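Colleague: This structure is in structure tokens; I'll ask about it shortly.
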Amino acid sequence: MLHAENPEVRELLLKGNFGLEKESLRISAEGFLAHTLHPFPEDSHIVRDFCENQTEINTPVKHSAREAVQALNGYYETIQKKLAALPEREYLWPFSNPPYIRDEDDVPIALFEGNSASKTVYRQYLSDRYGRYKMTFSGIHVNFSFADELLQKDFEVSGEQDFTEYKNQTYVALAEQAAAYGWLLVAVTAASPLMDSSFEEKGKFDQDIFNGMASVRCSEMGYWNFFSPIFDYSNIRAYADSIQGYVDNGLLSFPTELYYPIRLKPAGLNNLNTLREEGVNHIELRMFDLNPLVPCGVEEKDVVFAHLLLVWLASTPRQPFSEKAQVQAVQNFKNAAHYDLKTVKIVAPDGEVLTVVQAALNILSGLREFYRGYPEDIQEVLDFQEAKFLDGDNRYAWKVRREFSEGYVKKGLKLAKQRQEEI
């Protein structure tokens with residue numbers, strides 16, 4: 001736990017490192033998925049995710065949320081210019097939910113060759129297990145780490161003897177807290193209430209589907225494993241071993257198949273052995289929808305808010321997080337993806353049951369108190385998030401439903417073309 005009450009620690013509390021990952025589908029001028037090869041084979045910051053047409057931006061590490069969003073925007077502009085210059089012009093689909101899909105063959109698995117050929121084999125496995133349609137969901141991942149100077153100062157204050165163990169334990173505790181309270185980030189970033197009928201019925205196009213969700217990909221209809229994982233948060237080795245256990249018993253084929261909103265990652269090669277031996281480098285938040293109301297797909301205030309929430313959680317005493325509470329935490333994430341947050345509940349680790357709205361307002365009140373005395377722009381970010389719960393019309397999903405209903409794909413295609421023209 002960070003010792004935020006210490007003046008020297010508190011002075012460094014908001015120093016950190018940020019990296020963003022953004023997935024987007026390349027589409028044709030008619031609103032179908034592109035079937036061309038990845039147009040950025042030489043750029044290590046613009047890669048592919050599941051589909052050959054699913055571009056993924058990986059920004060370099062930056063020292064503020066603003067710099068990370070600016071970097072994301074720079075790569076986004078690079079992609080837009082390249083797509084505009086192709087012999088047959090393509091566009092970036094601005095939503096988390098896909099446009100038209102003809103059938104499973106319309107979702108081309110990413111093609112890797114040579115030493116990377118196993119990546120295509122793995123994607124074929126995912127296709128067989130979960131279906132390709134779900135693989136078209138796109139989103140944004142926020143990667144965050146505390147600044148070294150903050151951790152060093154807090155380590156001095158803590159009186160711990162081993163810095164590596166202290167650092168790992170700090171992140172393990174944060175992962176546990178984020179699993180319990182990260183549903184709040186789903187609620188504030190949900191922006192995908194609409195789908196095209198072709199997602200649910202082959203050959204049926206141009207009928208909007210609204211299924212009561214604000215974020216389909218984060219809801220029970222989205223990207224989840226077939227079980228609710230239980231983690232051992234006692235230390236980093238136990239945490240890694242608990243994931244390995246699901247591989248050993250066959251519930252997962254690989255650790256990367258764990259579709260959970262929170263991940264701890266090592267530096268360098270992302271595998272459990274590296275995590276055990278080298279320790280934690282950063283925490284990954286995987287629940288942000290693409291925000292079509294913002295050109296590059298993410299609102300800076302939401303990244304700042306994620307930072308504020310993580311710092312607050314890391315500075316808050318841990319509560320017991322039983323197996324029952326962990327199973328409930330998965331359901332909390334799914335409940336927070338609903339459209340009307342006054343009709344669904346959150347169950348806190350202590351068993352308290354509240355509507356999503358009331359639970360969110362309670363947390364925001366705690367954040368306000370914690371950040372009292374900090375620059376005014378922090379309170380403005382909290383105001384921005386609070387407004388989403390005081391009036392649903394301020395939520396992205398509600399705005400998207402108003403603006404893009406009665407022609408989701410056609411209106412979305414118009415927006416995609418407009419965004420490219422703006423660049």
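Every chain in the structure tokens takes a letter, A first, then B, and so on in the order presented; its residues are numbered from 1, and the ligands are numbered from 1 following the presented order.
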Quick one: residues within 9 Å of Leu2 (chain A), only C-alpha atoms counted, chain neighbours fewer than 6 positions away excluded, as a PyMOL selection string?
Modeller: chain A and resi 9+13+151+154-155+158+170+311-312+314-316
Colleague: Keeping only C-alpha atoms, write those residues as a compact mmCIF listing (two decimals), in the first residue's frame.
Modeller:
```txt
# COMPACT_ATOMS: atom_id res chain seq x y z
CA VAL A 9 5.38 10.27 -1.03
CA LEU A 13 2.01 10.31 -6.00
CA LEU A 151 8.23 3.57 -5.53
CA ASP A 154 7.57 4.78 -0.68
CA PHE A 155 9.90 1.81 -0.19
CA SER A 158 7.62 1.36 4.25
CA THR A 170 2.49 -3.29 -4.46
CA VAL A 311 -3.35 5.65 -7.26
CA TRP A 312 -6.29 5.82 -4.87
CA ALA A 314 -2.95 1.58 -4.26
CA SER A 315 -3.21 3.95 -1.28
CA THR A 316 -6.25 2.23 0.26
```
Colleague: Could you pull the residues within 10 Å of His63 (chain A), counting only C-alpha atoms, minus those fewer than 3 positions along the same chain, as a list of chain:residue names?
Modeller: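 Counting only the stated atoms, we get A:Lys15, A:Gly16, A:Asn17, A:Phe18, A:Gly19, A:Arg66, A:Glu67, A:Ala68, A:Phe144, A:Ser145, A:Phe146, A:Ala147.
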Colleague: Any chance you could export the current selection's N, CA, C and O atoms as a compact mmCIF listing (two decimals), in the first residue's frame?
Modeller:
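Output file again.txt is given in full below:
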```txt
# COMPACT_ATOMS: atom_id res chain seq x y z
N LYS A 15 3.09 10.74 -10.26
CA LYS A 15 4.11 10.48 -11.28
C LYS A 15 3.98 9.03 -11.74
O LYS A 15 3.92 8.10 -10.93
N GLY A 16 3.94 8.83 -13.05
CA GLY A 16 3.78 7.48 -13.56
C GLY A 16 4.13 7.39 -15.03
O GLY A 16 4.53 8.37 -15.66
N ASN A 17 3.95 6.19 -15.57
CA ASN A 17 4.25 5.91 -16.98
C ASN A 17 3.02 5.31 -17.64
O ASN A 17 2.33 4.48 -17.03
N PHE A 18 2.79 5.70 -18.88
CA PHE A 18 1.56 5.33 -19.58
C PHE A 18 1.88 4.80 -20.97
O PHE A 18 2.74 5.33 -21.67
N GLY A 19 1.16 3.78 -21.36
CA GLY A 19 1.19 3.28 -22.73
C GLY A 19 -0.21 2.87 -23.14
O GLY A 19 -0.96 2.32 -22.32
N ARG A 66 -1.66 12.68 -21.00
CA ARG A 66 -1.77 13.58 -22.17
C ARG A 66 -0.77 13.19 -23.25
O ARG A 66 -1.11 13.11 -24.43
N GLU A 67 0.48 12.92 -22.85
CA GLU A 67 1.49 12.55 -23.84
C GLU A 67 1.15 11.22 -24.50
O GLU A 67 1.38 11.04 -25.70
N ALA A 68 0.59 10.29 -23.74
CA ALA A 68 0.21 9.00 -24.31
C ALA A 68 -0.91 9.15 -25.34
O ALA A 68 -0.87 8.54 -26.42
N PHE A 144 -0.16 1.00 -17.28
CA PHE A 144 0.32 2.01 -16.32
C PHE A 144 1.34 1.41 -15.37
O PHE A 144 1.20 0.26 -14.92
N SER A 145 2.34 2.21 -15.04
CA SER A 145 3.27 1.84 -13.97
C SER A 145 3.58 3.09 -13.15
O SER A 145 3.56 4.21 -13.65
N PHE A 146 3.84 2.88 -11.87
CA PHE A 146 4.24 3.97 -11.00
C PHE A 146 5.66 4.41 -11.35
O PHE A 146 6.50 3.57 -11.73
N ALA A 147 5.94 5.68 -11.21
CA ALA A 147 7.30 6.17 -11.45
C ALA A 147 8.27 5.54 -10.47
O ALA A 147 7.94 5.30 -9.30
```
Colleague: Looking only at strand (DSSP E) from DSSP on the backbone, list the matching residues of region 122-291 of chain A as a PyMOL selection string.
Modeller: chain A and resi 139-146+194-196+208-210+262-265+282-289
Colleague: List every residue of region 124-331 of chain A that DSSP, applied to the backbone, labels as alpha helix (DSSP H), and write the result as an MDAnalysis selection string.
Modeller: chainID A and resid 124:130 132:135 148:158 163:181 183:189 236:248 272:278 300:314 323:331
Colleague: Using only C-alpha atoms, which residues sit within 10 Å of Glu30 (chain A) once same-chain residues fewer than 3 positions away are excluded, as a PDB file with N, CA and C atoms, in the first residue's frame?
Modeller:
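Heads up, here's the output in part.pdb:
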```
ATOM      1  N   ILE A  27     -11.926  -1.108 -42.900  1.00  0.00           N
ATOM      2  CA  ILE A  27     -13.142  -1.448 -43.638  1.00  0.00           C
ATOM      3  C   ILE A  27     -13.111  -0.854 -45.041  1.00  0.00           C
ATOM      4  N   LEU A  33     -15.675  -5.567 -43.915  1.00  0.00           N
ATOM      5  CA  LEU A  33     -14.315  -5.728 -43.439  1.00  0.00           C
ATOM      6  C   LEU A  33     -13.347  -5.824 -44.613  1.00  0.00           C
ATOM      7  N   ALA A  34     -12.222  -5.125 -44.491  1.00  0.00           N
ATOM      8  CA  ALA A  34     -11.206  -5.162 -45.543  1.00  0.00           C
ATOM      9  C   ALA A  34     -10.564  -6.546 -45.591  1.00  0.00           C
ATOM     10  N   GLU A  90      -9.440   2.667 -47.969  1.00  0.00           N
ATOM     11  CA  GLU A  90     -10.045   2.019 -46.811  1.00  0.00           C
ATOM     12  C   GLU A  90     -10.225   3.023 -45.681  1.00  0.00           C
ATOM     13  N   TYR A  91     -10.959   2.596 -44.656  1.00  0.00           N
ATOM     14  CA  TYR A  91     -11.285   3.490 -43.546  1.00  0.00           C
ATOM     15  C   TYR A  91     -11.115   2.750 -42.223  1.00  0.00           C
ATOM     16  N   PRO A  99     -18.835  -3.527 -38.062  1.00  0.00           N
ATOM     17  CA  PRO A  99     -19.855  -3.152 -39.047  1.00  0.00           C
ATOM     18  C   PRO A  99     -20.479  -4.415 -39.643  1.00  0.00           C
ATOM     19  N   TYR A 100     -20.717  -4.439 -40.955  1.00  0.00           N
ATOM     20  CA  TYR A 100     -21.288  -5.619 -41.601  1.00  0.00           C
ATOM     21  C   TYR A 100     -20.315  -6.799 -41.528  1.00  0.00           C
ATOM     22  N   VAL A 409     -24.623   1.238 -39.123  1.00  0.00           N
ATOM     23  CA  VAL A 409     -23.457   1.070 -39.993  1.00  0.00           C
ATOM     24  C   VAL A 409     -23.355   2.212 -40.995  1.00  0.00           C
ATOM     25  N   LYS A 410     -24.459   2.603 -41.589  1.00  0.00           N
ATOM     26  CA  LYS A 410     -24.400   3.684 -42.584  1.00  0.00           C
ATOM     27  C   LYS A 410     -23.949   4.995 -41.953  1.00  0.00           C
ATOM     28  N   LEU A 413     -20.280   4.590 -41.049  1.00  0.00           N
ATOM     29  CA  LEU A 413     -19.431   4.704 -42.233  1.00  0.00           C
ATOM     30  C   LEU A 413     -19.244   6.165 -42.632  1.00  0.00           C
TER      31      LEU A 413
END
```
Colleague: Residues within 9 Å of region 382-389 of chain A, please, as an MDAnalysis selection string. Count only C-alpha atoms; anything in the same chain fewer than 6 positions from it doesn't count.
Modeller: chainID A and resid 187:188 301:302 305 341 356:358 360:361 364 367:368 395:396
Colleague: May I have the residues from that selection written out with C-alpha atoms, as a PDB file, in the first residue's frame?
Modeller:
```pdb
ATOM      1  CA  ALA A 187     -19.225   2.244 -16.564  1.00  0.00           C
ATOM      2  CA  VAL A 188     -17.473   5.492 -17.509  1.00  0.00           C
ATOM      3  CA  LYS A 301      -9.963  12.628 -19.166  1.00  0.00           C
ATOM      4  CA  ASP A 302     -10.795   8.905 -19.033  1.00  0.00           C
ATOM      5  CA  PHE A 305      -9.325   9.125 -14.335  1.00  0.00           C
ATOM      6  CA  LEU A 341     -27.086   1.656 -14.473  1.00  0.00           C
ATOM      7  CA  VAL A 356     -24.067   0.830 -10.125  1.00  0.00           C
ATOM      8  CA  VAL A 357     -24.932   4.529  -9.964  1.00  0.00           C
ATOM      9  CA  GLN A 358     -24.896   4.724  -6.172  1.00  0.00           C
ATOM     10  CA  ALA A 360     -20.002   4.807  -8.412  1.00  0.00           C
ATOM     11  CA  LEU A 361     -21.007   8.031  -6.664  1.00  0.00           C
ATOM     12  CA  LEU A 364     -16.150   9.289  -6.550  1.00  0.00           C
ATOM     13  CA  LEU A 367     -11.711  10.134  -4.614  1.00  0.00           C
ATOM     14  CA  ARG A 368     -12.717  13.762  -4.078  1.00  0.00           C
ATOM     15  CA  ARG A 395     -22.614   8.803 -20.923  1.00  0.00           C
ATOM     16  CA  TYR A 396     -20.980   7.927 -24.227  1.00  0.00           C
TER      17      TYR A 396
END
```
